[in-house]
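Raw target34.cif, mmCIF, C-alpha atoms:
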```
data_input
loop_
_atom_site.label_atom_id
_atom_site.label_comp_id
_atom_site.auth_asym_id
_atom_site.auth_seq_id
_atom_site.Cartn_x
_atom_site.Cartn_y
_atom_site.Cartn_z
CA MET A 1 -2.22 -30.99 6.61
CA ILE A 2 -0.54 -28.22 4.67
CA PRO A 3 3.17 -27.86 5.46
CA ILE A 4 4.10 -24.50 6.86
CA THR A 5 6.77 -24.10 4.21
CA HIS A 6 4.12 -23.92 1.51
CA PHE A 7 2.59 -20.88 3.17
CA LEU A 8 6.07 -19.40 3.28
CA TYR A 9 6.54 -20.12 -0.42
CA LEU A 10 3.27 -18.31 -1.09
CA ALA A 11 4.37 -15.34 1.03
CA PHE A 12 7.72 -15.32 -0.70
CA GLY A 13 6.12 -15.41 -4.14
CA LEU A 14 3.80 -12.53 -3.36
CA PHE A 15 6.65 -10.53 -1.86
CA VAL A 16 8.85 -10.99 -4.93
CA ILE A 17 5.99 -10.05 -7.25
CA GLY A 18 5.37 -6.91 -5.20
CA MET A 19 9.05 -6.06 -5.13
CA LEU A 20 9.35 -6.43 -8.89
CA GLY A 21 6.32 -4.18 -9.23
CA VAL A 22 7.89 -1.53 -7.00
CA LEU A 23 11.22 -1.63 -8.81
CA LEU A 24 10.06 -2.01 -12.40
CA ARG A 25 6.76 -0.18 -12.77
CA ARG A 26 6.58 3.55 -13.34
CA ASN A 27 2.99 4.28 -12.48
CA VAL A 28 2.86 5.59 -8.91
CA LEU A 29 -0.52 3.98 -8.25
CA ILE A 30 0.72 0.54 -9.31
CA VAL A 31 3.82 1.03 -7.17
CA LEU A 32 1.60 1.76 -4.15
CA MET A 33 -0.47 -1.36 -4.89
CA SER A 34 2.75 -3.39 -5.09
CA ILE A 35 3.72 -2.10 -1.65
CA GLU A 36 0.38 -3.37 -0.36
CA LEU A 37 1.18 -6.75 -1.94
CA MET A 38 4.50 -6.88 -0.10
CA LEU A 39 2.84 -6.00 3.21
CA ASN A 40 0.31 -8.78 2.60
CA ALA A 41 3.09 -11.26 1.96
CA ALA A 42 4.74 -10.29 5.24
CA ASN A 43 1.38 -10.75 6.96
CA ILE A 44 1.01 -14.26 5.56
CA ALA A 45 4.44 -15.17 6.91
CA LEU A 46 3.58 -13.69 10.32
CA VAL A 47 0.32 -15.61 10.54
CA ALA A 48 1.96 -18.81 9.35
CA PHE A 49 4.61 -18.61 12.06
CA SER A 50 1.93 -17.68 14.58
CA ARG A 51 0.12 -20.88 13.69
CA LEU A 52 3.34 -22.88 13.73
CA HIS A 53 4.17 -21.87 17.26
CA GLY A 54 0.63 -21.70 18.55
CA ASN A 55 1.26 -18.13 19.63
CA LEU A 56 -1.16 -15.31 18.91
CA ASP A 57 1.46 -12.56 18.87
CA GLY A 58 1.99 -12.96 15.15
CA GLN A 59 -1.66 -12.32 14.41
CA VAL A 60 -1.67 -9.22 16.61
CA LEU A 61 1.41 -7.96 14.78
CA ALA A 62 -0.31 -8.63 11.44
CA MET A 63 -3.21 -6.49 12.65
CA PHE A 64 -0.82 -3.64 13.40
CA THR A 65 0.64 -4.12 9.94
CA ILE A 66 -2.82 -3.71 8.43
CA ALA A 67 -3.34 -0.46 10.36
CA VAL A 68 0.06 0.89 9.30
CA ALA A 69 -0.65 -0.13 5.69
CA ALA A 70 -3.91 1.81 5.81
CA ALA A 71 -2.11 4.90 7.10
CA GLU A 72 0.59 4.47 4.46
CA ALA A 73 -1.97 4.19 1.67
CA ALA A 74 -3.81 7.30 2.85
CA VAL A 75 -0.68 9.46 3.03
CA GLY A 76 0.82 7.98 -0.13
CA LEU A 77 -2.32 8.62 -2.16
CA ALA A 78 -2.51 12.16 -0.78
CA ILE A 79 1.04 12.74 -1.98
CA VAL A 80 0.10 11.28 -5.38
CA VAL A 81 -2.88 13.66 -5.62
CA SER A 82 -0.69 16.60 -4.65
CA ILE A 83 2.02 15.67 -7.16
CA PHE A 84 -0.52 15.04 -9.89
CA ARG A 85 -1.94 18.53 -9.40
CA SER A 86 1.38 20.25 -9.87
CA ARG A 87 2.95 17.99 -12.51
CA THR A 88 0.00 16.26 -14.24
CA GLY A 89 1.49 12.83 -14.41
CA THR A 90 1.94 9.65 -12.43
CA ASP A 91 5.31 8.63 -13.83
CA ILE A 92 7.73 8.20 -10.96
CA ASP A 93 10.74 8.91 -13.16
CA ASP A 94 9.54 12.49 -13.47
CA LEU A 95 9.33 12.92 -9.71
CA SER A 96 12.49 13.81 -7.96
CA LEU A 97 11.33 16.64 -5.72
CA LEU A 98 8.96 16.66 -2.76
CA ARG A 99 8.07 20.33 -3.30
CA ASP A 100 6.54 22.34 -6.08
CA MET B 1 -5.35 -34.81 -0.79
CA SER B 2 -7.63 -33.44 1.84
CA GLY B 3 -10.12 -30.65 1.38
CA SER B 4 -8.08 -27.96 3.09
CA GLU B 5 -5.08 -28.78 0.91
CA ILE B 6 -7.15 -28.38 -2.25
CA VAL B 7 -8.47 -25.05 -0.97
CA PHE B 8 -4.96 -23.90 -0.13
CA TYR B 9 -3.41 -24.75 -3.47
CA VAL B 10 -6.32 -23.31 -5.44
CA PHE B 11 -6.31 -20.02 -3.54
CA ALA B 12 -2.52 -19.78 -3.43
CA ALA B 13 -2.56 -20.06 -7.21
CA VAL B 14 -5.33 -17.43 -7.37
CA ALA B 15 -3.30 -15.11 -5.14
CA VAL B 16 -0.11 -15.47 -7.18
CA VAL B 17 -1.84 -15.16 -10.56
CA SER B 18 -3.84 -12.10 -9.57
CA ALA B 19 -0.76 -10.54 -7.97
CA ILE B 20 1.09 -10.97 -11.25
CA ALA B 21 -1.90 -9.46 -13.05
CA THR B 22 -1.86 -6.53 -10.59
CA VAL B 23 1.69 -5.53 -11.33
CA THR B 24 1.47 -6.09 -15.07
CA ARG B 25 -1.77 -4.27 -15.97
CA LYS B 26 -1.48 -0.91 -17.64
CA ASN B 27 -4.77 0.50 -16.44
CA PRO B 28 -4.65 1.22 -12.68
CA VAL B 29 -8.37 0.48 -12.29
CA VAL B 30 -7.91 -3.03 -13.69
CA ALA B 31 -4.87 -3.48 -11.45
CA ALA B 32 -6.96 -2.44 -8.43
CA VAL B 33 -9.61 -5.06 -9.26
CA TRP B 34 -6.93 -7.75 -9.53
CA LEU B 35 -5.53 -6.55 -6.21
CA VAL B 36 -8.94 -7.11 -4.62
CA ALA B 37 -8.84 -10.68 -5.93
CA THR B 38 -5.43 -11.11 -4.32
CA PHE B 39 -6.70 -9.78 -1.01
CA PHE B 40 -9.62 -12.22 -1.01
CA ALA B 41 -7.31 -15.14 -1.76
CA VAL B 42 -5.01 -14.04 1.06
CA ALA B 43 -8.03 -13.86 3.37
CA VAL B 44 -8.86 -17.47 2.52
CA ASN B 45 -5.31 -18.40 3.44
CA TYR B 46 -5.75 -16.65 6.78
CA VAL B 47 -8.79 -18.81 7.44
CA LEU B 48 -6.73 -21.91 6.66
CA LEU B 49 -4.15 -20.70 9.17
CA SER B 50 -6.96 -20.46 11.77
CA ALA B 51 -6.81 -16.67 11.81
CA SER B 52 -10.49 -16.08 11.18
CA PHE B 53 -10.68 -12.63 12.76
CA LEU B 54 -7.71 -11.47 10.75
CA ALA B 55 -9.39 -12.76 7.59
CA VAL B 56 -12.45 -10.63 8.36
CA LEU B 57 -10.20 -7.63 8.98
CA GLN B 58 -8.39 -8.27 5.72
CA VAL B 59 -11.62 -8.20 3.74
CA LEU B 60 -12.99 -5.18 5.62
CA VAL B 61 -9.87 -3.01 5.64
CA TYR B 62 -8.02 -4.03 2.50
CA ALA B 63 -10.67 -5.15 0.05
CA GLY B 64 -13.20 -2.70 1.44
CA ALA B 65 -11.72 0.56 2.62
CA MET B 66 -8.32 0.67 1.01
CA MET B 67 -9.44 -0.36 -2.46
CA VAL B 68 -12.24 2.21 -2.38
CA LEU B 69 -9.58 4.78 -1.52
CA PHE B 70 -7.43 3.65 -4.45
CA VAL B 71 -10.30 3.69 -6.92
CA PHE B 72 -11.45 7.11 -5.69
CA VAL B 73 -7.98 8.54 -6.19
CA ILE B 74 -7.72 7.00 -9.66
CA MET B 75 -11.06 8.58 -10.55
CA VAL B 76 -10.03 11.95 -9.11
CA LEU B 77 -6.75 11.90 -10.97
CA ASP B 78 -8.43 10.98 -14.28
CA VAL B 79 -5.43 8.98 -15.44
CA ASP B 80 -5.67 7.97 -19.06
CA GLU B 81 -5.05 4.33 -19.71
CA ALA B 82 -2.57 4.98 -22.49
CA GLY B 83 0.33 4.14 -20.24
CA ASP B 84 2.80 5.14 -22.91
CA THR B 85 5.37 6.17 -20.33
CA GLU B 86 5.98 2.50 -19.58
CA HIS B 87 7.50 2.07 -23.03
CA ARG B 88 9.88 4.97 -22.76
CA ARG B 89 13.52 4.08 -22.69
CA PRO B 90 14.50 3.32 -19.09
CA SER B 91 16.45 6.05 -17.44
CA ARG B 92 19.62 5.44 -15.49
CA VAL B 93 17.58 5.02 -12.32
CA GLY B 94 15.28 2.66 -14.22
CA ARG B 95 18.18 0.46 -15.35
CA LEU B 96 19.43 0.44 -11.77
CA GLY B 97 15.94 -0.69 -10.75
CA TYR B 98 15.99 -3.54 -13.26
CA SER B 99 19.33 -4.86 -12.08
CA LEU B 100 18.39 -4.37 -8.43
CA ALA B 101 15.11 -6.25 -8.99
CA LEU B 102 16.90 -9.16 -10.61
CA LEU B 103 19.54 -9.25 -7.89
CA LEU B 104 17.07 -9.03 -4.99
CA SER B 105 14.55 -11.53 -6.32
CA GLY B 106 17.24 -13.98 -7.38
CA GLY B 107 18.89 -13.73 -4.01
CA MET B 108 15.58 -14.25 -2.24
CA VAL B 109 14.79 -17.32 -4.37
CA ILE B 110 18.11 -18.88 -3.42
CA TRP B 111 17.84 -17.90 0.22
CA VAL B 112 14.30 -19.20 0.71
CA LEU B 113 14.97 -22.45 -1.15
CA VAL B 114 18.16 -23.14 0.77
CA SER B 115 16.69 -22.29 4.15
CA THR B 116 13.47 -24.25 3.68
CA LEU B 117 14.98 -27.29 1.97
CA SER B 118 17.80 -27.66 4.45
CA LYS B 119 15.25 -27.87 7.30
CA GLN B 120 17.53 -26.15 9.76
CA PHE B 121 15.44 -23.02 9.60
CA ILE B 122 12.03 -24.56 10.11
CA THR B 123 11.53 -27.46 12.46
CA PRO B 124 8.38 -29.35 11.51
CA GLY B 125 8.13 -30.96 14.92
CA ALA B 126 7.45 -27.62 16.58
CA ARG B 127 3.98 -27.49 15.13
CA LEU B 128 1.28 -27.09 17.75
CA ASP B 129 -2.34 -27.87 17.22
CA PRO B 130 -4.28 -24.73 18.03
CA THR B 131 -7.05 -24.77 20.55
CA GLY B 132 -10.62 -24.03 19.64
CA ASP B 133 -10.65 -20.26 19.90
CA PHE B 134 -7.18 -19.73 18.42
CA GLY B 135 -7.42 -16.68 16.19
CA SER B 136 -10.97 -15.80 17.15
CA ALA B 137 -11.96 -12.22 17.85
CA ASN B 138 -12.17 -13.07 21.53
CA ALA B 139 -8.65 -14.42 21.85
CA VAL B 140 -7.02 -11.82 19.63
CA GLY B 141 -8.93 -8.97 21.25
CA ARG B 142 -7.95 -10.14 24.71
CA ARG B 143 -4.31 -10.14 23.66
CA LEU B 144 -4.70 -6.81 21.93
CA PHE B 145 -6.17 -5.05 24.96
CA THR B 146 -3.84 -6.50 27.59
CA ASP B 147 -0.30 -7.13 26.34
CA TYR B 148 -0.46 -4.80 23.38
CA LEU B 149 -2.58 -1.99 24.83
CA PHE B 150 0.15 0.63 24.52
CA ALA B 151 0.92 -0.31 20.92
CA PHE B 152 -2.81 -0.33 20.17
CA GLU B 153 -3.19 3.23 21.42
CA GLY B 154 -0.07 4.17 19.50
CA VAL B 155 -1.66 2.84 16.32
CA SER B 156 -4.73 4.96 16.93
CA LEU B 157 -2.47 8.00 17.24
CA LEU B 158 -0.70 6.96 14.03
CA LEU B 159 -4.01 6.74 12.18
CA LEU B 160 -5.00 10.19 13.44
CA ALA B 161 -1.67 11.58 12.26
CA ALA B 162 -2.15 9.89 8.88
CA VAL B 163 -5.62 11.42 8.47
CA ILE B 164 -4.34 14.89 9.30
CA GLY B 165 -1.30 14.40 7.10
CA ALA B 166 -3.38 13.22 4.16
CA VAL B 167 -5.71 16.21 4.43
CA VAL B 168 -2.83 18.66 4.72
CA VAL B 169 -0.80 17.17 1.88
CA ALA B 170 -3.70 16.83 -0.55
CA ARG B 171 -4.81 20.46 -0.31
CA SER B 172 -4.85 22.34 -3.56
CA ARG B 173 -2.85 25.50 -4.11
CA ARG B 174 -6.02 27.60 -3.95
CA GLU B 175 -6.96 26.15 -0.58
CA ARG B 176 -3.48 26.81 0.73
CA GLU B 177 -3.67 30.41 -0.45
CA LYS B 178 -7.02 30.82 1.21
CA GLU B 179 -5.69 29.39 4.47
CA ALA B 180 -2.63 31.62 4.35
CA ALA B 181 -4.84 34.64 3.84
CA ALA B 182 -7.10 33.59 6.70
CA ALA B 183 -4.05 33.19 8.94
CA GLY B 184 -3.14 36.80 8.30
CA MET B 185 -0.08 36.19 6.16
CA SER B 186 0.98 39.22 4.19
CA ALA B 187 1.16 39.18 0.40
CA GLU B 188 4.95 39.41 0.49
CA ALA B 189 5.29 36.44 2.83
CA MET B 190 2.95 34.39 0.67
CA ALA B 191 4.93 35.24 -2.44
CA ALA B 192 8.07 34.18 -0.61
CA ALA B 193 6.40 30.86 0.22
CA GLY B 194 5.62 30.27 -3.43
CA LEU B 195 1.93 31.08 -3.13
CA GLU B 196 -0.06 33.53 -5.18
CA PRO B 197 -1.97 35.88 -2.90
CA PRO B 198 -5.74 35.86 -3.36
CA GLU B 199 -7.09 38.83 -5.23
CA GLU B 200 -8.49 40.67 -2.27
CA LEU B 201 -5.01 40.89 -0.79
CA VAL B 202 -3.40 42.38 -3.87
CA PRO B 203 -3.34 46.17 -3.59
CA GLY B 204 -5.04 47.55 -6.66
CA PRO B 205 -7.13 50.51 -7.71
CA ASN B 206 -10.42 48.75 -7.11
CA PRO B 207 -10.27 45.03 -6.35
CA GLN B 208 -14.04 44.68 -6.32
CA THR B 209 -14.42 45.37 -10.01
CA ASP B 210 -12.60 42.25 -11.16
CA PHE B 211 -14.34 40.02 -8.67
CA GLY B 212 -15.04 36.67 -10.21
CA GLN B 213 -12.55 37.02 -12.99
CA PRO B 214 -10.31 34.01 -13.30
CA SER B 215 -6.76 34.91 -12.48
CA ALA B 216 -4.11 34.26 -15.07
CA GLY B 217 -1.84 31.70 -13.54
CA GLY B 218 -2.93 31.22 -9.97
CA HIS B 219 -5.16 28.24 -10.40
CA GLU B 220 -4.16 24.69 -9.91
CA GLY B 221 -3.03 22.73 -12.88
CA GLY B 222 -2.33 25.89 -14.82
CA THR B 223 1.35 25.23 -15.06
#
```

Turn the structure described in the file into structure tokens.
Amino acid sequence: MIPITHFLYLAFGLFVIGMLGVLLRRNVLIVLMSIELMLNAANIALVAFSRLHGNLDGQVLAMFTIAVAAAEAAVGLAIVVSIFRSRTGTDIDDLSLLRD
Amino acid sequence: MSGSEIVFYVFAAVAVVSAIATVTRKNPVVAAVWLVATFFAVAVNYVLLSASFLAVLQVLVYAGAMMVLFVFVIMVLDVDEAGDTEHRRPSRVGRLGYSLALLLSGGMVIWVLVSTLSKQFITPGARLDPTGDFGSANAVGRRLFTDYLFAFEGVSLLLLAAVIGAVVVARSRREREKEAAAAGMSAEAMAAAGLEPPEELVPGPNPQTDFGQPSAGGHEGGT
């Protein structure tokens, strides 16, 4: 039987890796992928606690997280496309305005 | 060591290694492929946590739809894999990011280790053995369409808003100019909104003669 804390360590590791990616990388696409990693880590923790308590609410919440992550990726990538058209670059240090 | 433990440790290692590879690759396409590997490993962990329906959703939505979206956008953007901006000197915001990353991750390491090792946060005795259909599509769907029906409909509205938002945000300047002209916006109002009026709106001696000529600076990417 796998202890529940090991799933939490895995979720924690993925979350920290994603957070380091968000804070340290400059490519917008990699930053968006790191956000997906962090959402996945949160999902693992939700499902682990759902299993721990024998309650399905955590899995339902993880499903909502997946839907919100899909919406976030769609809008985020649309913003990246729009920014890339006007500034021809994906470096987030060059982006400080949300208008052109 | 039982079989499920071996599967867990193998796929946890796969998830962590491919997550590290995702955030360290220069080429976004390679990073996307590593991210798919992470998603599959996470899906295996969902199965181990008896969340089989969620594992299927993970593969379908993340590894299927979302990664295709990412790869499409990377192809549309035509990003070169030089990645030389990563080696530029970090700006002031970048240095703030480095210190914030160290602070946050170090704090999380300490917090998680303290709270899991002290056992006051997680009580191992609370573990329940799930019944047979725990995490199946039947059980989760029943919960989703009874207790969470309102939130479920709200998510559908959110997805609709995201689709519309993505389409509106990703329009090119030319498309926006065309839409503004179709909406009856005058040339002065469009100029005030930062748009270049299409050529048929510009008053000239004979607009039909230069039909098809590329305009000087009105096209996307010209600046």

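Closest to Glu36 in chain A among B:Val140, B:Leu35, B:Leu103, B:Ala182 is B:Leu35, based on all atoms listed in the file.
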
Selection result of the PyMOL selection byres ((chain B and resi 20-33) around 7) on this file, as a VMD selection string: (chain A and resid 17 21 29 to 30 34) or (chain B and resid 16 to 19 34 to 37 67 71 81 83)

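When CA of Leu32 in chain A is paired with CA of Val155 in chain B, their separation reads 20.8 Å.
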
Ground truth for the PyMOL selection byres ((chain A and resi 16) around 12), written as a ChimeraX atom specification: /A:9-15,17-24,34-35,37-42 /B:16,19-20,23,101-109,112

For range 69-81 of chain A: contacts at 6 Å, all atoms listed in the file, fewer than 5 positions along chain excluded, given as a ChimeraX atom specification: /B:159,162,166,169-170

Surrounding residues of Ser2 in chain B excluding itself and chain neighbours under 4 positions, 9 Å, all atoms listed in the file, as a PyMOL selection string: (chain A and resi 1) or (chain B and resi 6-7)

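CA of Ala12 in chain B to CA of Leu69 in chain B spans 25.6 Å [interatomic distance, one decimal].
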
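Shortest atom-to-atom contact with Val31 in chain A among B:Phe70, B:Thr116, B:Leu96, B:Ser4: B:Phe70, counting only C-alpha atoms.
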
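Going from CA of Arg85 in chain A over to CA of Leu160 in chain B, you cover 24.5 Å.
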
Hits from the PyMOL selection byres ((chain A and resi 59) around 12), listed as a ChimeraX atom specification: /A:42-58,60-66 /B:46-47,49-55,57-58,134-137,139-141,143-144,148

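For the residues B:Ala151, B:Leu117, B:Ile74, B:Leu158, ranking by smallest atom-to-atom distance to Val28 in chain A using all atoms listed in the file places B:Ile74 first.
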